[in-house]
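Colleague: For reference, the file model_14.pdb (PDB, C-alpha atoms) is included below:
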```pdb
ATOM      1  CA  MET A   1      55.645 107.754  83.409
ATOM      2  CA  THR A   2      54.193 104.279  83.245
ATOM      3  CA  THR A   3      55.168 101.491  85.586
ATOM      4  CA  ASN A   4      57.051  99.670  82.817
ATOM      5  CA  ALA A   5      59.103 102.754  81.957
ATOM      6  CA  TYR A   6      59.785 103.411  85.638
ATOM      7  CA  LEU A   7      60.930  99.811  86.270
ATOM      8  CA  SER A   8      62.997  99.824  83.072
ATOM      9  CA  PHE A   9      64.812 102.971  84.214
ATOM     10  CA  LEU A  10      65.495 101.473  87.645
ATOM     11  CA  ALA A  11      66.750  98.187  86.147
ATOM     12  CA  ILE A  12      69.051  99.953  83.673
ATOM     13  CA  GLY A  13      70.265 102.355  86.349
ATOM     14  CA  ILE A  14      71.024  99.630  88.890
ATOM     15  CA  ALA A  15      72.873  97.607  86.242
ATOM     16  CA  LEU A  16      74.994 100.644  85.282
ATOM     17  CA  VAL A  17      75.855 101.411  88.920
ATOM     18  CA  LEU A  18      76.784  97.795  89.680
ATOM     19  CA  ILE A  19      78.918  97.401  86.549
ATOM     20  CA  ASP A  20      80.770 100.661  87.216
ATOM     21  CA  GLY A  21      81.239  99.697  90.866
ATOM     22  CA  GLN A  22      82.785  96.369  89.873
ATOM     23  CA  ILE A  23      85.158  98.097  87.466
ATOM     24  CA  ILE A  24      86.218 100.477  90.239
ATOM     25  CA  TYR A  25      86.639  97.640  92.741
ATOM     26  CA  ARG A  26      88.716  95.369  90.503
ATOM     27  CA  SER A  27      90.948  98.113  89.138
ATOM     28  CA  GLY A  28      91.214  99.909  92.473
ATOM     29  CA  ARG A  29      92.200  96.728  94.290
ATOM     30  CA  ARG A  30      95.180  96.180  91.968
ATOM     31  CA  TYR A  31      96.026  99.884  92.168
ATOM     32  CA  LEU A  32      96.125  99.925  95.983
ATOM     33  CA  GLU A  33      97.795  96.528  96.429
ATOM     34  CA  ASN A  34     101.020  97.999  95.070
ATOM     35  CA  SER A  35     101.052 100.875  97.542
ATOM     36  CA  TYR A  36     100.040  98.939 100.656
ATOM     37  CA  GLY A  37     102.373  96.020 100.014
ATOM     38  CA  ASP A  38      99.717  93.808 101.614
ATOM     39  CA  PRO A  39      97.063  92.609  99.143
ATOM     40  CA  ALA A  40      94.482  92.144 101.915
ATOM     41  CA  ALA A  41      94.852  95.753 103.123
ATOM     42  CA  GLY A  42      94.555  97.132  99.588
ATOM     43  CA  ALA A  43      91.474  95.009  98.901
ATOM     44  CA  SER A  44      89.879  96.074 102.180
ATOM     45  CA  MET A  45      90.381  99.785 101.534
ATOM     46  CA  THR A  46      89.105  99.419  97.965
ATOM     47  CA  ARG A  47      86.022  97.567  99.213
ATOM     48  CA  LEU A  48      85.228 100.408 101.621
ATOM     49  CA  VAL A  49      85.551 103.043  98.889
ATOM     50  CA  THR A  50      83.470 100.955  96.490
ATOM     51  CA  VAL A  51      80.665 100.487  99.028
ATOM     52  CA  LEU A  52      80.560 104.263  99.476
ATOM     53  CA  PHE A  53      80.381 104.651  95.677
ATOM     54  CA  HIS A  54      77.475 102.176  95.460
ATOM     55  CA  LEU A  55      75.498 103.766  98.295
ATOM     56  CA  ALA A  56      75.911 107.298  96.947
ATOM     57  CA  THR A  57      75.086 106.492  93.325
ATOM     58  CA  LEU A  58      72.147 104.214  94.169
ATOM     59  CA  GLY A  59      70.782 107.007  96.380
ATOM     60  CA  VAL A  60      71.080 109.455  93.484
ATOM     61  CA  LEU A  61      69.381 106.880  91.234
ATOM     62  CA  ALA A  62      66.466 106.620  93.680
ATOM     63  CA  LEU A  63      66.107 110.413  93.824
ATOM     64  CA  LEU A  64      66.436 110.754  90.057
ATOM     65  CA  SER A  65      63.657 108.198  89.535
ATOM     66  CA  THR A  66      61.182 110.497  91.311
ATOM     67  CA  ILE A  67      61.850 113.534  89.080
ATOM     68  CA  GLU A  68      59.500 113.972  86.121
ATOM     69  CA  MET A  69      61.339 114.429  82.788
ATOM     70  CA  GLY A  70      60.035 114.581  79.243
ATOM     71  CA  GLY A  71      56.481 114.356  77.997
ATOM     72  CA  SER A  72      56.174 110.695  77.112
ATOM     73  CA  ASP A  73      57.644 107.487  78.471
ATOM     74  CA  LEU A  74      60.616 106.953  76.125
ATOM     75  CA  PRO A  75      62.027 110.522  76.181
ATOM     76  CA  GLY A  76      61.623 110.586  79.954
ATOM     77  CA  VAL A  77      63.550 107.328  80.410
ATOM     78  CA  VAL A  78      66.264 108.389  77.972
ATOM     79  CA  GLY A  79      66.579 111.766  79.712
ATOM     80  CA  ARG A  80      66.894 110.122  83.117
ATOM     81  CA  ILE A  81      69.502 107.670  81.823
ATOM     82  CA  GLY A  82      71.467 110.574  80.348
ATOM     83  CA  VAL A  83      71.444 112.441  83.653
ATOM     84  CA  LEU A  84      72.347 109.224  85.475
ATOM     85  CA  LEU A  85      75.316 108.636  83.165
ATOM     86  CA  LEU A  86      76.602 112.147  83.831
ATOM     87  CA  ILE A  87      76.239 111.646  87.579
ATOM     88  CA  LEU A  88      77.962 108.248  87.331
ATOM     89  CA  ALA A  89      80.864 109.848  85.455
ATOM     90  CA  LEU A  90      81.209 112.457  88.197
ATOM     91  CA  ALA A  91      80.993 109.823  90.950
ATOM     92  CA  HIS A  92      83.539 107.673  89.104
ATOM     93  CA  ALA A  93      85.973 110.600  88.850
ATOM     94  CA  ILE A  94      85.560 111.427  92.544
ATOM     95  CA  THR A  95      86.157 107.784  93.476
ATOM     96  CA  LEU A  96      89.318 107.661  91.351
ATOM     97  CA  GLY A  97      90.512 110.803  93.119
ATOM     98  CA  VAL A  98      89.903 109.177  96.505
ATOM     99  CA  LEU A  99      91.824 106.045  95.469
ATOM    100  CA  ALA A 100      94.707 108.149  94.140
ATOM    101  CA  ARG A 101      94.842 110.134  97.374
ATOM    102  CA  ILE A 102      94.884 106.942  99.464
ATOM    103  CA  ARG A 103      97.699 105.535  97.328
ATOM    104  CA  GLY A 104      99.671 108.768  97.563
ATOM    105  CA  GLU A 105      99.375 108.799 101.343
ATOM    106  CA  GLN A 106     100.526 105.182 101.513
ATOM    107  CA  GLU A 107     103.533 105.896  99.294
ATOM    108  CA  VAL A 108     104.531 108.860 101.473
ATOM    109  CA  GLU A 109     104.181 106.705 104.587
ATOM    110  CA  ALA A 110     106.345 103.991 103.005
ATOM    111  CA  VAL A 111     109.066 106.535 102.173
ATOM    112  CA  VAL A 112     108.991 107.887 105.721
ATOM    113  CA  GLN A 113     109.355 104.367 107.130
ATOM    114  CA  ARG A 114     112.222 103.477 104.754
ATOM    115  CA  GLY A 115     114.008 106.764 105.178
ATOM    116  CA  PRO A 116     115.314 109.028 102.444
ATOM    117  CA  ARG A 117     117.268 107.591  99.554
ATOM    118  CA  PRO A 118     120.978 108.429  99.493
ATOM    119  CA  ARG A 119     121.821 111.487  97.437
ATOM    120  CA  VAL A 120     123.645 110.753  94.207
ATOM    121  CA  GLU A 121     126.055 113.466  93.144
ATOM    122  CA  PRO A 122     126.035 114.308  89.433
ATOM    123  CA  GLU A 123     129.261 113.688  87.582
ATOM    124  CA  GLN A 124     131.475 116.731  87.168
ATOM    125  CA  GLN A 125     131.943 118.044  83.640
ATOM    126  CA  GLY A 126     135.098 116.723  82.016
ATOM    127  CA  THR A 127     135.849 114.102  84.669
ATOM    128  CA  THR A 128     135.074 110.436  84.840
ATOM    129  CA  VAL A 129     134.842 109.195  88.403
ATOM    130  CA  THR A 130     134.277 105.635  89.429
ATOM    131  CA  PRO A 131     133.191 105.941  93.053
ATOM    132  CA  VAL A 132     134.770 103.540  95.496
ATOM    133  CA  PRO A 133     133.776 103.740  99.138
ATOM    134  CA  GLY A 134     136.501 104.631 101.601
ATOM    135  CA  GLN A 135     137.087 103.010 104.964
ATOM    136  CA  ASP A 136     134.266 105.056 106.479
ATOM    137  CA  GLY A 137     131.814 103.736 103.862
ATOM    138  CA  ARG A 138     131.370 107.116 102.150
ATOM    139  CA  TYR A 139     132.027 107.765  98.525
ATOM    140  CA  PRO A 140     134.658 110.388  97.707
ATOM    141  CA  THR A 141     133.587 113.615  96.044
ATOM    142  CA  ALA A 142     135.381 115.496  93.285
ATOM    143  CA  SER A 143     138.295 117.686  94.237
ATOM    144  CA  PRO A 144     137.472 121.131  95.662
ATOM    145  CA  SER A 145     138.882 122.855  92.587
ATOM    146  CA  LEU A 146     136.345 121.055  90.368
ATOM    147  CA  GLU A 147     133.400 121.512  92.769
ATOM    148  CA  ASN A 148     133.667 125.309  92.831
ATOM    149  CA  ARG A 149     134.163 125.776  89.116
ATOM    150  CA  SER A 150     131.143 126.724  87.045
ATOM    151  CA  PRO A 151     130.535 124.563  83.976
ATOM    152  CA  TYR A 152     130.222 127.806  82.003
ATOM    153  CA  SER A 153     133.580 129.295  83.011
ATOM    154  CA  ALA A 154     136.674 129.147  80.842
ATOM    155  CA  GLN A 155     138.973 126.203  81.556
TER
END
```
Translate this file's structure into structure tokens.

Modeller:
Amino acid sequence: MTTNAYLSFLAIGIALVLIDGQIIYRSGRRYLENSYGDPAAGASMTRLVTVLFHLATLGVLALLSTIEMGGSDLPGVVGRIGVLLLILALAHAITLGVLARIRGEQEVEAVVQRGPRPRVEPEQQGTTVTPVPGQDGRYPTASPSLENRSPYSAQ
């Protein structure tokens, strides 16, 4: 591979990695801001994940540039770019999985801090109940005769 082909591959590869990294950072920052509640914390976590993405994919790009592919310059560069695109797609998917896992953990933590939501009882078949809290603050339930009856039994 000539020096021009080698430098062209590196330039194209670096541009692809940087563009994909910026897409991940910008989208990931908005994605995590909602789960953290604090925009600075979401941006910080996204920045850390994006730096890892850049380091890993640029390392793969450097290794891929040393492998000989194809007989002439153009097929070799095109082959390397194809392999790089496949590796970038895999790295992108892994990074999205990491961001989704971080968001899921933050949502679980937020639910634990808030406490469970109150349980809403489904309306009983054939009755219309407008719940009004009693003196103790609880909502009344349907009468015992309606609670034990199956909706499939004869009335």

Colleague: Val98 (chain A): which residues within 12 Å, counting only C-alpha atoms, same-chain residues fewer than 3 positions away excluded, as a list of chain:residue names?

Modeller: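 In the requested format, the answer is A:Ile24, A:Gly28, A:Tyr31, A:Leu32, A:Met45, A:Thr46, A:Leu48, A:Val49, A:Thr50, A:Leu52, A:Phe53, A:Ala91, A:His92, A:Ala93, A:Ile94, A:Thr95, A:Arg101, A:Ile102, A:Arg103, A:Gly104, A:Glu105.
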
Colleague: I need the residue set behind the PyMOL selection byres ((chain A and resi 6) around 12) for this file; please write it as an MDAnalysis selection string.

Modeller: chainID A and resid 1:5 7:13 61:62 64:69 72:74 76:78 80:81

Colleague: For the atom pair CA of Asp20 (chain A) and CA of Glu107 (chain A), what is the interatomic distance in Å to one decimal place?

Modeller: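 Value for the CA of Asp20 (chain A)-CA of Glu107 (chain A) distance: 26.3 Å.
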
Colleague: Closest to Leu85 (chain A) among A:Ala56, A:Val17, A:Leu63, A:Ala41, using only C-alpha atoms?

Modeller: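 When distances to Leu85 (chain A) are compared using only C-alpha atoms, the smallest one comes from A:Val17.
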
Colleague: Which residue out of A:Ala89, A:Arg47, A:Gly42, A:His54 has the minimum interatomic distance to Gln106 (chain A) when only C-alpha atoms are used?

Modeller: A:Gly42

Colleague: From the set A:Val108, A:Gly59, A:Arg30, A:Leu88, which residue has the shortest atom-to-atom contact distance to Ser44 (chain A), counting all atoms listed in the file?

Modeller: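 Counting all atoms listed in the file, the residue closest to Ser44 (chain A) is A:Arg30.
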
Colleague: How many Å separate CA of Ser35 (chain A) from CA of Ala110 (chain A)?

Modeller: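 Interatomic distance, CA of Ser35 (chain A) to CA of Ala110 (chain A): 8.2 Å.
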
Colleague: Of the candidates A:Gly115, A:Pro39, A:Leu96, A:Val83, which one gets nearest to Ser27 (chain A) if we count only C-alpha atoms?

Modeller: A:Leu96

Colleague: How many Å separate CA of Val51 (chain A) from CA of Leu18 (chain A)?

Modeller: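 Rounded to one decimal, the two atoms are 10.5 Å apart.
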